[in-house]
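> Data: model.txt, compact mmCIF, C-alpha atoms (C1' of nucleotides).
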```
# COMPACT_ATOMS: atom_id res chain seq x y z
CA MET C 45 -20.60 -7.38 28.82
CA ASP C 46 -17.87 -5.01 27.77
CA ASP C 47 -17.85 -2.28 25.18
CA SER C 48 -17.72 -4.74 22.31
CA THR C 49 -21.11 -6.32 23.02
CA GLY C 50 -22.88 -3.77 20.88
CA THR C 51 -20.60 -4.31 17.94
CA ILE C 52 -20.98 -8.08 18.23
CA ASN C 53 -24.70 -7.63 17.83
CA LYS C 54 -24.04 -5.49 14.78
CA LEU C 55 -21.99 -8.36 13.43
CA ARG C 56 -24.92 -10.76 13.90
CA ALA C 57 -27.31 -8.26 12.34
CA ASN C 58 -25.12 -8.25 9.24
CA GLY C 59 -25.29 -12.02 8.91
CA GLY C 60 -21.83 -12.50 10.30
CA ARG C 61 -20.84 -15.37 12.53
CA VAL C 62 -19.38 -14.74 15.93
CA THR C 63 -15.99 -16.38 15.92
CA PRO C 64 -13.23 -16.11 18.50
CA VAL C 65 -11.06 -14.06 16.18
CA ARG C 66 -13.84 -11.60 15.46
CA ARG C 67 -14.76 -11.27 19.09
CA ALA C 68 -11.13 -10.61 19.96
CA LEU C 69 -10.66 -8.12 17.13
CA LEU C 70 -13.68 -6.13 18.22
CA GLN C 71 -12.50 -6.17 21.80
CA ILE C 72 -9.11 -4.89 20.70
CA LEU C 73 -10.65 -2.19 18.54
CA SER C 74 -12.91 -1.06 21.34
CA SER C 75 -10.10 -0.80 23.84
CA ASN C 76 -7.65 0.91 21.46
CA LYS C 77 -7.21 4.60 22.07
CA GLN C 78 -5.79 5.12 18.59
CA PRO C 79 -6.81 3.74 15.20
CA GLY C 80 -4.87 0.55 14.49
CA SER C 81 -3.26 -0.70 11.30
CA PRO C 82 -3.85 -4.29 10.13
CA ARG C 83 -0.30 -5.07 11.17
CA GLN C 84 -0.75 -3.68 14.67
CA LEU C 85 -4.10 -5.39 15.08
CA LEU C 86 -2.60 -8.70 14.03
CA ALA C 87 0.18 -8.23 16.58
CA GLN C 88 -2.40 -7.48 19.27
CA LEU C 89 -4.31 -10.62 18.33
CA LYS C 90 -1.18 -12.70 18.63
CA LYS C 91 -0.42 -11.16 22.00
CA LYS C 92 -3.86 -12.32 23.08
CA GLY C 93 -2.96 -15.85 22.14
CA PHE C 94 -4.66 -16.04 18.76
CA ASP C 95 -2.31 -17.33 16.12
CA ALA C 96 -4.26 -15.42 13.53
CA ASN C 97 -3.33 -14.96 9.93
CA LYS C 98 -2.94 -11.63 8.19
CA THR C 99 -5.39 -12.69 5.49
CA THR C 100 -8.04 -13.16 8.14
CA VAL C 101 -7.38 -9.78 9.64
CA TYR C 102 -7.65 -8.06 6.26
CA ARG C 103 -10.86 -9.91 5.49
CA GLN C 104 -12.39 -9.09 8.85
CA LEU C 105 -11.54 -5.44 8.57
CA GLU C 106 -12.93 -5.28 5.06
CA MET C 107 -16.14 -6.97 6.15
CA MET C 108 -16.63 -4.84 9.25
CA HIS C 109 -15.85 -1.71 7.30
CA GLY C 110 -18.44 -2.68 4.70
CA ALA C 111 -20.97 -3.30 7.46
CA GLY C 112 -20.29 0.11 8.93
CA ILE C 113 -18.97 -1.31 12.19
CA ILE C 114 -15.54 0.22 11.84
CA SER C 115 -14.23 3.15 9.87
CA GLU C 116 -11.09 3.45 7.85
CA ILE C 117 -8.54 6.23 8.07
CA ASN C 118 -5.97 7.08 5.42
CA LEU C 119 -2.98 9.13 6.39
CA SER C 120 0.07 9.91 4.29
CA ASP C 121 2.05 6.79 5.05
CA GLY C 122 0.20 4.31 2.89
CA VAL C 123 -1.09 2.32 5.85
CA LYS C 124 -4.77 2.02 6.56
CA ARG C 125 -6.01 2.35 10.09
CA TYR C 126 -9.27 1.31 11.66
CA GLU C 127 -11.36 2.40 14.60
CA LEU C 128 -14.86 1.64 15.83
CA ALA C 129 -17.41 3.60 13.84
CA ASP C 130 -19.69 4.37 16.75
CA SER C 131 -17.17 6.71 18.33
CA GLY C 132 -19.06 9.60 16.76
CA HIS C 133 -18.08 11.93 13.95
CA HIS C 134 -14.67 13.36 14.61
CA HIS C 135 -11.44 14.29 12.89
CA HIS C 136 -7.82 13.43 13.53
CA LEU C 137 -4.80 15.34 14.68
CA ILE C 138 -1.66 13.62 13.44
CA CYS C 139 1.60 14.60 15.05
CA LEU C 140 4.41 14.93 12.50
CA ARG C 141 7.04 14.26 15.17
CA CYS C 142 5.76 11.28 17.17
CA ALA C 143 3.04 10.06 14.80
CA ARG C 144 0.51 9.97 17.61
CA ILE C 145 -3.11 10.30 16.50
CA ASP C 146 -5.59 12.23 18.59
CA ASP C 147 -9.27 12.90 17.99
CA VAL C 148 -10.99 16.23 17.77
CA VAL C 149 -14.68 16.95 17.61
CA LEU C 150 -15.45 20.17 15.84
CA PRO C 151 -18.24 22.39 17.12
CA ALA C 152 -21.21 22.27 14.77
CA GLY C 153 -20.47 25.71 13.38
CA LEU C 154 -17.01 24.70 12.21
CA GLU C 155 -17.92 21.27 10.92
CA PRO C 156 -17.47 21.36 7.14
CA ARG C 157 -20.36 19.09 6.41
CA VAL C 158 -23.54 20.93 5.71
CA GLU C 159 -22.69 24.27 4.17
CA ILE C 160 -19.80 23.12 2.07
CA ALA C 161 -21.71 20.11 0.76
CA LYS C 162 -24.51 22.39 -0.38
CA MET C 163 -22.11 24.76 -2.05
CA ILE C 164 -20.37 21.90 -3.84
CA LYS C 165 -23.67 20.52 -5.06
CA ARG C 166 -24.68 23.91 -6.38
CA VAL C 167 -21.42 24.85 -8.04
CA LYS C 168 -20.00 21.48 -9.08
CA LYS C 169 -23.12 19.29 -9.28
CA PHE C 170 -21.17 16.85 -7.15
CA ALA C 171 -23.12 14.95 -4.46
CA VAL C 172 -20.93 14.68 -1.37
CA GLU C 173 -21.44 11.45 0.56
CA ARG C 174 -18.63 11.75 3.04
CA HIS C 175 -15.55 13.77 3.68
CA SER C 176 -12.24 13.27 5.39
CA LEU C 177 -10.51 16.04 7.23
CA GLU C 178 -7.19 15.52 8.91
CA PHE C 179 -4.88 17.97 10.63
CA PHE C 180 -1.13 17.53 10.58
CA GLY C 181 1.09 19.36 13.01
CA VAL C 182 2.87 19.08 16.33
CA CYS C 183 1.12 17.71 19.40
CA ALA C 184 1.17 19.17 22.92
CA ARG C 185 3.69 16.64 24.17
CA CYS C 186 6.17 17.26 21.36
CA ARG C 187 5.85 21.04 21.66
CA GLU C 188 7.11 21.19 25.23
CA MET X 137 8.37 28.89 -22.63
CA ASP X 138 5.44 26.85 -21.47
CA ASP X 139 3.85 26.53 -18.04
CA SER X 140 6.71 24.45 -16.71
CA THR X 141 9.35 27.17 -17.06
CA GLY X 142 8.63 28.52 -13.59
CA THR X 143 8.92 25.14 -11.98
CA ILE X 144 12.18 24.47 -13.76
CA ASN X 145 13.57 27.60 -12.18
CA LYS X 146 12.38 26.34 -8.81
CA LEU X 147 14.30 23.17 -9.52
CA ARG X 148 17.49 25.15 -10.16
CA ALA X 149 16.89 27.24 -7.05
CA ASN X 150 16.82 24.02 -5.04
CA GLY X 151 20.17 22.93 -6.37
CA GLY X 152 18.65 20.48 -8.78
CA ARG X 153 20.00 19.78 -12.20
CA VAL X 154 17.84 20.19 -15.23
CA THR X 155 17.71 16.85 -16.95
CA PRO X 156 15.50 15.70 -19.79
CA VAL X 157 13.50 13.43 -17.50
CA ARG X 158 12.84 16.21 -15.02
CA ARG X 159 11.90 18.65 -17.73
CA ALA X 160 9.48 16.12 -19.17
CA LEU X 161 8.01 15.23 -15.79
CA LEU X 162 7.33 18.87 -14.98
CA GLN X 163 5.79 19.39 -18.38
CA ILE X 164 3.53 16.40 -17.83
CA LEU X 165 2.55 17.55 -14.36
CA SER X 166 1.76 21.03 -15.59
CA SER X 167 -0.44 19.79 -18.39
CA ASN X 168 -2.26 17.15 -16.32
CA LYS X 169 -5.77 18.10 -15.33
CA GLN X 170 -5.80 15.54 -12.53
CA PRO X 171 -3.20 14.55 -9.96
CA GLY X 172 -1.13 11.66 -11.33
CA SER X 173 0.17 8.55 -9.61
CA PRO X 174 3.83 7.50 -10.05
CA ARG X 175 2.61 4.70 -12.29
CA GLN X 176 0.60 7.03 -14.51
CA LEU X 177 3.39 9.56 -14.67
CA LEU X 178 5.84 6.85 -15.67
CA ALA X 179 3.48 5.73 -18.41
CA GLN X 180 3.19 9.30 -19.65
CA LEU X 181 6.95 9.61 -19.68
CA LYS X 182 7.26 6.46 -21.76
CA LYS X 183 4.64 7.71 -24.15
CA LYS X 184 6.81 10.78 -24.64
CA GLY X 185 9.68 8.56 -25.65
CA PHE X 186 11.60 8.47 -22.37
CA ASP X 187 12.44 4.95 -21.39
CA ALA X 188 12.38 6.07 -17.79
CA ASN X 189 12.68 3.88 -14.77
CA LYS X 190 10.20 3.76 -11.91
CA THR X 191 12.96 4.38 -9.38
CA THR X 192 13.77 7.63 -11.11
CA VAL X 193 10.14 8.69 -11.06
CA TYR X 194 9.82 7.96 -7.35
CA ARG X 195 13.03 9.82 -6.60
CA GLN X 196 12.02 12.82 -8.68
CA LEU X 197 8.63 13.04 -7.07
CA GLU X 198 10.12 12.77 -3.60
CA MET X 199 12.66 15.47 -4.37
CA MET X 200 10.16 17.84 -5.94
CA HIS X 201 7.74 17.25 -3.10
CA GLY X 202 10.44 18.04 -0.57
CA ALA X 203 11.29 21.21 -2.50
CA GLY X 204 7.65 22.28 -2.44
CA ILE X 205 7.32 22.14 -6.21
CA ILE X 206 4.61 19.51 -6.19
CA SER X 207 2.12 18.39 -3.59
CA GLU X 208 1.10 14.92 -2.62
CA ILE X 209 -2.44 13.64 -2.30
CA ASN X 210 -3.48 10.55 -0.39
CA LEU X 211 -6.81 9.00 -1.17
CA SER X 212 -8.21 5.71 0.08
CA ASP X 213 -6.65 3.46 -2.51
CA GLY X 214 -3.10 3.37 -1.24
CA VAL X 215 -1.72 5.19 -4.24
CA LYS X 216 -0.08 8.56 -3.95
CA ARG X 217 -0.86 11.24 -6.45
CA TYR X 218 0.99 14.41 -7.33
CA GLU X 219 0.12 17.78 -8.76
CA LEU X 220 1.93 21.06 -9.16
CA ALA X 221 1.97 22.95 -5.87
CA ASP X 222 1.44 26.38 -7.37
CA SER X 223 -2.10 25.57 -8.39
CA GLY X 224 -3.27 27.32 -5.23
CA HIS X 225 -4.92 25.98 -2.10
CA HIS X 226 -7.83 23.76 -3.02
CA HIS X 227 -9.52 20.53 -2.07
CA HIS X 228 -10.53 17.47 -4.01
CA LEU X 229 -13.79 15.92 -5.04
CA ILE X 230 -13.32 12.20 -5.61
CA CYS X 231 -16.04 10.36 -7.49
CA LEU X 232 -16.78 6.98 -5.95
CA ARG X 233 -18.11 5.66 -9.27
CA CYS X 234 -15.59 6.77 -11.90
CA ALA X 235 -12.68 7.74 -9.62
CA ARG X 236 -12.33 11.07 -11.35
CA ILE X 237 -10.74 13.79 -9.24
CA ASP X 238 -11.94 17.36 -9.48
CA ASP X 239 -10.73 20.44 -7.64
CA VAL X 240 -12.78 22.78 -5.54
CA VAL X 241 -11.75 26.09 -4.05
CA LEU X 242 -13.68 26.92 -0.93
CA PRO X 243 -14.75 30.49 -0.28
CA ALA X 244 -12.68 31.99 2.51
CA GLY X 245 -15.53 31.75 4.98
CA LEU X 246 -15.83 28.02 4.54
CA GLU X 247 -12.15 27.24 4.47
CA PRO X 248 -11.35 25.29 7.62
CA ARG X 249 -7.94 26.79 8.11
CA VAL X 250 -7.97 29.72 10.42
CA GLU X 251 -10.75 29.30 12.92
CA ILE X 252 -10.40 25.60 13.40
CA ALA X 253 -6.65 25.81 13.79
CA LYS X 254 -7.08 28.39 16.54
CA MET X 255 -9.66 26.29 18.32
CA ILE X 256 -7.45 23.21 18.11
CA LYS X 257 -4.51 25.10 19.55
CA ARG X 258 -6.61 26.35 22.41
CA VAL X 259 -8.34 23.11 23.28
CA LYS X 260 -5.77 20.50 22.33
CA LYS X 261 -2.51 22.44 22.46
CA PHE X 262 -1.84 21.02 19.01
CA ALA X 263 -0.14 23.28 16.46
CA VAL X 264 -1.71 22.66 13.07
CA GLU X 265 0.73 23.02 10.18
CA ARG X 266 -1.44 21.75 7.37
CA HIS X 267 -4.70 19.96 6.79
CA SER X 268 -6.15 17.71 4.18
CA LEU X 269 -9.80 17.84 3.28
CA GLU X 270 -11.27 15.54 0.68
CA PHE X 271 -14.83 15.01 -0.41
CA PHE X 272 -16.06 11.64 -1.62
CA GLY X 273 -19.29 11.30 -3.54
CA VAL X 274 -20.78 11.12 -7.00
CA CYS X 275 -19.74 13.51 -9.75
CA ALA X 276 -22.01 15.40 -12.13
CA ARG X 277 -21.31 13.06 -15.01
CA CYS X 278 -22.10 9.89 -13.03
CA ARG X 279 -25.26 11.38 -11.56
CA GLU X 280 -26.98 11.84 -14.90
C1' DA O 140 -26.93 -34.06 20.76
C1' DT O 141 -25.86 -34.98 15.81
C1' DT O 142 -25.47 -33.81 11.40
C1' DA O 143 -25.65 -30.87 7.18
C1' DT O 144 -24.62 -26.43 5.22
C1' DA O 145 -22.52 -22.41 4.72
C1' DT O 146 -19.18 -19.35 6.44
C1' DT O 147 -14.64 -18.55 8.17
C1' DT O 148 -9.92 -19.59 8.62
C1' DG O 149 -5.04 -20.51 7.43
C1' DC O 150 -1.70 -21.25 4.12
C1' DA O 151 0.95 -20.40 0.13
C1' DA O 152 1.56 -17.98 -3.71
C1' DC O 153 0.87 -13.77 -5.91
C1' DT O 154 0.38 -8.63 -7.13
C1' DT O 155 1.46 -3.96 -6.57
C1' DA O 156 3.67 0.12 -4.24
C1' DG O 157 7.64 1.73 -2.92
C1' DT O 158 12.87 1.44 -1.41
C1' DT O 159 17.96 0.61 -1.49
C1' DG O 160 22.70 -0.12 -3.25
C1' DC O 161 25.65 0.41 -6.76
C1' DG O 162 27.80 1.05 -11.18
C1' DT O 163 27.18 3.95 -15.25
C1' DA O 164 25.86 8.15 -17.53
C1' DA O 165 25.03 12.85 -17.81
C1' DT O 166 25.05 17.79 -16.02
C1' DT O 167 27.34 21.57 -14.27
C1' DA O 168 31.40 24.23 -12.74
C1' DC O 169 36.08 25.13 -13.75
C1' DG E 293 37.52 19.88 -22.45
C1' DT E 294 37.99 17.92 -17.97
C1' DA E 295 36.80 16.99 -13.14
C1' DA E 296 33.51 16.76 -9.57
C1' DT E 297 29.10 15.87 -8.48
C1' DT E 298 24.49 14.63 -9.26
C1' DA E 299 21.06 11.81 -11.58
C1' DC E 300 19.84 7.53 -13.89
C1' DG E 301 18.87 2.65 -14.64
C1' DC E 302 18.97 -1.85 -13.11
C1' DA E 303 18.25 -5.57 -10.06
C1' DA E 304 17.06 -7.09 -5.89
C1' DC E 305 14.45 -6.17 -1.94
C1' DT E 306 10.62 -4.86 1.64
C1' DA E 307 6.00 -4.23 2.84
C1' DA E 308 0.93 -3.87 1.95
C1' DG E 309 -2.62 -6.13 0.38
C1' DT E 310 -5.10 -9.96 -2.54
C1' DT E 311 -6.60 -14.55 -4.31
C1' DG E 312 -7.62 -19.57 -4.62
C1' DC E 313 -8.33 -23.49 -2.28
C1' DA E 314 -8.59 -26.99 1.26
C1' DA E 315 -9.47 -27.68 6.17
C1' DA E 316 -11.92 -26.11 10.25
C1' DT E 317 -15.92 -24.37 12.75
C1' DA E 318 -20.19 -21.69 13.75
C1' DT E 319 -24.94 -21.98 12.94
C1' DA E 320 -29.35 -24.12 11.68
C1' DA E 321 -32.12 -28.20 11.05
C1' DT E 322 -33.19 -32.68 12.63
```
Please re-express this file's structure in structure tokens.


Amino acid sequence: MDDSTGTINKLRANGGRVTPVRRALLQILSSNKQPGSPRQLLAQLKKKGFDANKTTVYRQLEMMHGAGIISEINLSDGVKRYELADSGHHHHLICLRCARIDDVVLPAGLEPRVEIAKMIKRVKKFAVERHSLEFFGVCARCRE
Amino acid sequence: MDDSTGTINKLRANGGRVTPVRRALLQILSSNKQPGSPRQLLAQLKKKGFDANKTTVYRQLEMMHGAGIISEINLSDGVKRYELADSGHHHHLICLRCARIDDVVLPAGLEPRVEIAKMIKRVKKFAVERHSLEFFGVCARCRE
DNA sequence: ATTATATTTGCAACTTAGTTGCGTAATTAC
DNA sequence: GTAATTACGCAACTAAGTTGCAAATATAAT
């Protein structure tokens, strides 16, 4: 009963079957400290002994993303990254030197959700469903 | 003396030569209402009678981006888009139905730059250099 | 437990974005 | 106008991501 039990139930709830590859992928995602690219996740699967195929990984990620189990992150390098969705609403700090990705949770007052969404609806008649906010800069380690 | 004159000077200032392709690209970028992908920009070039090559377009965009003449936008579809940098700091509204991209300028109070950057430096020791904030939702036209 | 059904998987081939090396062409400086 | 340098076009390449289909396997029904 590790961290991935909850997400496995979510899988079942979405009519998905519980296969070894899926179980392993979820376990990997739940133990990863940083969002992983399909390529990295595939490598991690192989390290675990699964001779998985990239097609499978892409399909799993797509399915789990659609089911809201994982969320997708787009940085500037053209590679998608995935992390468990239940890690709470947060944003990312991307280090321009070492490429490390850290999380940051903004205090409610600074979170751009509510007020800005209202203003955009009023001025632009655009209904915001979600936003992405990423910060690029230099991390603590690289600044020393 | 159209809108692209200024950017052509920026080109010269950066040691760049003024070639027909560059002139045309800048003209296209300055008349585009939405950020354009390399593919779109190449198509626009061809429509103007330049039998340009995609390599050239990629190289131009990279160079102009490096020189700060244009800025790069990364959405969720794995395609980079470019717009003139001197259009002022703004964010994008991306319609999930029609894929149209609109701009929005946030009032100073709602702009996540200053306060959040300070807080991130304090708490995470991370020095923010730039941020990207995009809103995904449904545009006015598609909501009717 | 066994079987039937539907989903998942792996493979190979494909598409699209973007890159690299190099010879040719064009711009700028003289 | 000529030389030096930069930009261009082409072809070949890498890497991300997709698609069709046949074989494998998880689930549900017996």

> Within 9 Å of chain E, which residues of chain C are there when counting all atoms listed in the file? Please give them as a ChimeraX atom specification.

/C:61-63,99,102,122-123

> In Å, rounded to a single decimal, give me how far atom CA of Ile237 of chain X is from atom CA of Ala160 of chain X.

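Taking atom CA of Ala160 of chain X as the start and atom CA of Ile237 of chain X as the end point, the length is 22.6 Å.
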
> Give me, as a PDB file with C-alpha atoms, in the frame of the given file, the residues of chain C touching chain X, with the criterion being at most 7 Å (counting only C-alpha atoms).


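Listed below is the output, result_14.pdb:
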```pdb
ATOM      1  CA  ASN C 118      -5.970   7.080   5.420  1.00  0.00           C
ATOM      2  CA  LEU C 119      -2.980   9.130   6.390  1.00  0.00           C
ATOM      3  CA  SER C 120       0.070   9.910   4.290  1.00  0.00           C
ATOM      4  CA  GLY C 122       0.200   4.310   2.890  1.00  0.00           C
ATOM      5  CA  LEU C 154     -17.010  24.700  12.210  1.00  0.00           C
ATOM      6  CA  ILE C 160     -19.800  23.120   2.070  1.00  0.00           C
ATOM      7  CA  LYS C 169     -23.120  19.290  -9.280  1.00  0.00           C
ATOM      8  CA  PHE C 170     -21.170  16.850  -7.150  1.00  0.00           C
ATOM      9  CA  ALA C 171     -23.120  14.950  -4.460  1.00  0.00           C
ATOM     10  CA  VAL C 172     -20.930  14.680  -1.370  1.00  0.00           C
ATOM     11  CA  GLU C 173     -21.440  11.450   0.560  1.00  0.00           C
ATOM     12  CA  ARG C 174     -18.630  11.750   3.040  1.00  0.00           C
ATOM     13  CA  HIS C 175     -15.550  13.770   3.680  1.00  0.00           C
ATOM     14  CA  SER C 176     -12.240  13.270   5.390  1.00  0.00           C
ATOM     15  CA  LEU C 177     -10.510  16.040   7.230  1.00  0.00           C
ATOM     16  CA  GLU C 178      -7.190  15.520   8.910  1.00  0.00           C
ATOM     17  CA  PHE C 179      -4.880  17.970  10.630  1.00  0.00           C
ATOM     18  CA  PHE C 180      -1.130  17.530  10.580  1.00  0.00           C
ATOM     19  CA  GLY C 181       1.090  19.360  13.010  1.00  0.00           C
ATOM     20  CA  VAL C 182       2.870  19.080  16.330  1.00  0.00           C
ATOM     21  CA  CYS C 183       1.120  17.710  19.400  1.00  0.00           C
ATOM     22  CA  ALA C 184       1.170  19.170  22.920  1.00  0.00           C
TER      23      ALA C 184
END
```

> Closest to chain C among O:DT146, O:DC169, O:DA152, O:DT163, using all atoms listed in the file?

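Closest to chain C of all the choices is O:DT146.
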
> Could the residues of chain O within 8 Å of chain X, counting all atoms listed in the file, be given as a PyMOL selection string, please?

chain O and resi 156-157+166-167

> Distance atom CA of Ala129 of chain C-atom CA of Thr100 of chain C, one decimal place?

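According to the coordinates, atom CA of Ala129 of chain C and atom CA of Thr100 of chain C are separated by 20.0 Å.
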
> For atom CA of Ser166 of chain X and atom CA of Tyr218 of chain X, determine how far apart the two atoms are, in Å to one decimal place.

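Spanning atom CA of Ser166 of chain X to atom CA of Tyr218 of chain X is a straight-line distance of 10.6 Å.
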
> Could you list, as a ChimeraX atom specification, every residue within 12 Å of segment 141-149 of chain X, counting only C-alpha atoms (C1' of nucleotides) and ignoring same-chain residues fewer than 2 positions away?

/X:137-139,151-166,196-197,199-206,219-223 /O:167

> Here is a test: counting only C-alpha atoms, which residue of X:His225, X:Arg217, X:Arg258, X:Lys184 is nearest to Ala244 of chain X?

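Looking at the shortest contact to Ala244 of chain X, the residue is X:His225.
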
> Export segment 91-107 of chain C of the preceding structure, keeping C-alpha atoms, as a PDB file, in the first residue's frame.


```pdb
ATOM      1  CA  LYS C  91      15.363  -0.019 -15.225  1.00  0.00           C
ATOM      2  CA  LYS C  92      12.563  -1.682 -13.291  1.00  0.00           C
ATOM      3  CA  GLY C  93      12.720  -4.642 -15.623  1.00  0.00           C
ATOM      4  CA  PHE C  94       9.801  -3.805 -17.875  1.00  0.00           C
ATOM      5  CA  ASP C  95      10.787  -3.990 -21.504  1.00  0.00           C
ATOM      6  CA  ALA C  96       8.116  -1.457 -22.298  1.00  0.00           C
ATOM      7  CA  ASN C  97       7.560   0.235 -25.595  1.00  0.00           C
ATOM      8  CA  LYS C  98       7.482   3.969 -26.141  1.00  0.00           C
ATOM      9  CA  THR C  99       4.079   3.717 -27.805  1.00  0.00           C
ATOM     10  CA  THR C 100       2.680   2.223 -24.628  1.00  0.00           C
ATOM     11  CA  VAL C 101       4.165   4.954 -22.505  1.00  0.00           C
ATOM     12  CA  TYR C 102       2.703   7.675 -24.714  1.00  0.00           C
ATOM     13  CA  ARG C 103      -0.687   5.988 -24.677  1.00  0.00           C
ATOM     14  CA  GLN C 104      -0.667   5.547 -20.924  1.00  0.00           C
ATOM     15  CA  LEU C 105       0.290   9.124 -20.312  1.00  0.00           C
ATOM     16  CA  GLU C 106      -2.376  10.358 -22.680  1.00  0.00           C
ATOM     17  CA  MET C 107      -5.006   8.198 -21.011  1.00  0.00           C
TER      18      MET C 107
END
```
